[in-house]
Amino acid sequence: MSIRRFLFLTITFVFGGCASIVSKSTYPISITSKPNKTEITVVNRKGDMVYHGTTPALVLLKSGQSFFKRAEYEVQFQKQGYQSKKEPIKFRLDPWYFGNILFGGAIGMLIIDPASGAMYRLKTPFVIAELEELSASKSDQKVIKVYLLNEISESWKHQLIPIN
């Protein structure tokens with residue numbers, strides 16, 4: 001092994017976190033819905049809007065929210081005539097984070113990976129929501145009509161019952 005290669009590997013393992021080397025701190029998430037062209041809003045754990053658009057969408061999200069705190073997001077789906085829906089996006093601890101015990105050392109385990117968010121990995125790379133149509137719209141509601149006696153046809157009059 002050459003000296004340059006040895007120095008590169010040594011610097012990488014001493015000054016880099018294992019998850020930072022092998023994994024990443026931002027992930028693309030595919031968001032789709034049925035029906036298509038549904039309005040979506042992605043909010044973080046604090047309720048701050050991170051993304052707004054329509055489906056289908058590819059959204060790039062950070063895996064860490066702050067030092068030693070994984071990110072959590074919620075996708076809100078809205079479309080006129082359909083029931084609104086919310087779906088979570090969660091991250092989990094990346095198994096490569098524990099590689100710091102062997103390769104990254106304390107700097108990688110306690111500073112680099114937690115600060116960059118690379119210690120967390122996306123649980124699912126896609127979100128699919130199927131929205132339900134609203135069952136009672138104004139056009140579906142039944143209406144009671146009141147008629148005057150002289151507005152009713154003669155063929156209906158024999159079915160009338162007097163009310164006192």
# chains A, B, ... in the order shown; residues from 1 in each chain; ligands from 1

$ residues_around --residues "Ala57 of chain A" --least-positions-apart "4" --cutoff "8 Å" --atoms "only C-alpha atoms" --output "ChimeraX atom specification"
/A:30-32,53

$ write_last_selection --atoms "all heavy atoms" --output "PDB file, in the first residue's frame"
ATOM      1  N   SER A  30     -39.809   9.801  -2.540  1.00  0.00           N
ATOM      2  CA  SER A  30     -40.814   9.848  -3.590  1.00  0.00           C
ATOM      3  C   SER A  30     -42.193   9.881  -2.937  1.00  0.00           C
ATOM      4  O   SER A  30     -42.515   9.026  -2.118  1.00  0.00           O
ATOM      5  CB  SER A  30     -40.675   8.615  -4.476  1.00  0.00           C
ATOM      6  OG  SER A  30     -41.717   8.580  -5.409  1.00  0.00           O
ATOM      7  N   ILE A  31     -43.005  10.880  -3.309  1.00  0.00           N
ATOM      8  CA  ILE A  31     -44.347  11.026  -2.738  1.00  0.00           C
ATOM      9  C   ILE A  31     -45.362  10.960  -3.873  1.00  0.00           C
ATOM     10  O   ILE A  31     -45.313  11.753  -4.805  1.00  0.00           O
ATOM     11  CB  ILE A  31     -44.485  12.363  -1.978  1.00  0.00           C
ATOM     12  CG1 ILE A  31     -43.408  12.469  -0.888  1.00  0.00           C
ATOM     13  CG2 ILE A  31     -45.888  12.486  -1.377  1.00  0.00           C
ATOM     14  CD1 ILE A  31     -43.348  13.812  -0.204  1.00  0.00           C
ATOM     15  N   THR A  32     -46.270   9.965  -3.784  1.00  0.00           N
ATOM     16  CA  THR A  32     -47.305   9.801  -4.800  1.00  0.00           C
ATOM     17  C   THR A  32     -48.662   9.655  -4.123  1.00  0.00           C
ATOM     18  O   THR A  32     -48.746   9.423  -2.915  1.00  0.00           O
ATOM     19  CB  THR A  32     -47.052   8.560  -5.680  1.00  0.00           C
ATOM     20  OG1 THR A  32     -47.010   7.403  -4.841  1.00  0.00           O
ATOM     21  CG2 THR A  32     -45.773   8.681  -6.452  1.00  0.00           C
ATOM     22  N   GLY A  53     -46.247  21.408  -2.827  1.00  0.00           N
ATOM     23  CA  GLY A  53     -46.369  21.130  -4.255  1.00  0.00           C
ATOM     24  C   GLY A  53     -47.505  20.161  -4.519  1.00  0.00           C
ATOM     25  O   GLY A  53     -48.439  20.074  -3.720  1.00  0.00           O
TER      26      GLY A  53
END

$ residues_around --residues "Lys123 of chain A" --least-positions-apart "5" --cutoff "9 Å" --atoms "only C-alpha atoms" --output "ChimeraX atom specification"
/A:89-92

$ atom_distance --atom1 "atom CA of Ile128 of chain A" --atom2 "atom CA of Glu87 of chain A"
8.4 Å

$ closest_residue --among "A:Leu148, A:Leu134, A:Ala129, A:Val42" --to "Leu60 of chain A" --atoms "only C-alpha atoms"
A:Val42

$ atom_distance --atom1 "atom CA of Thr55 of chain A" --atom2 "atom CA of Tyr82 of chain A"
14.5 Å
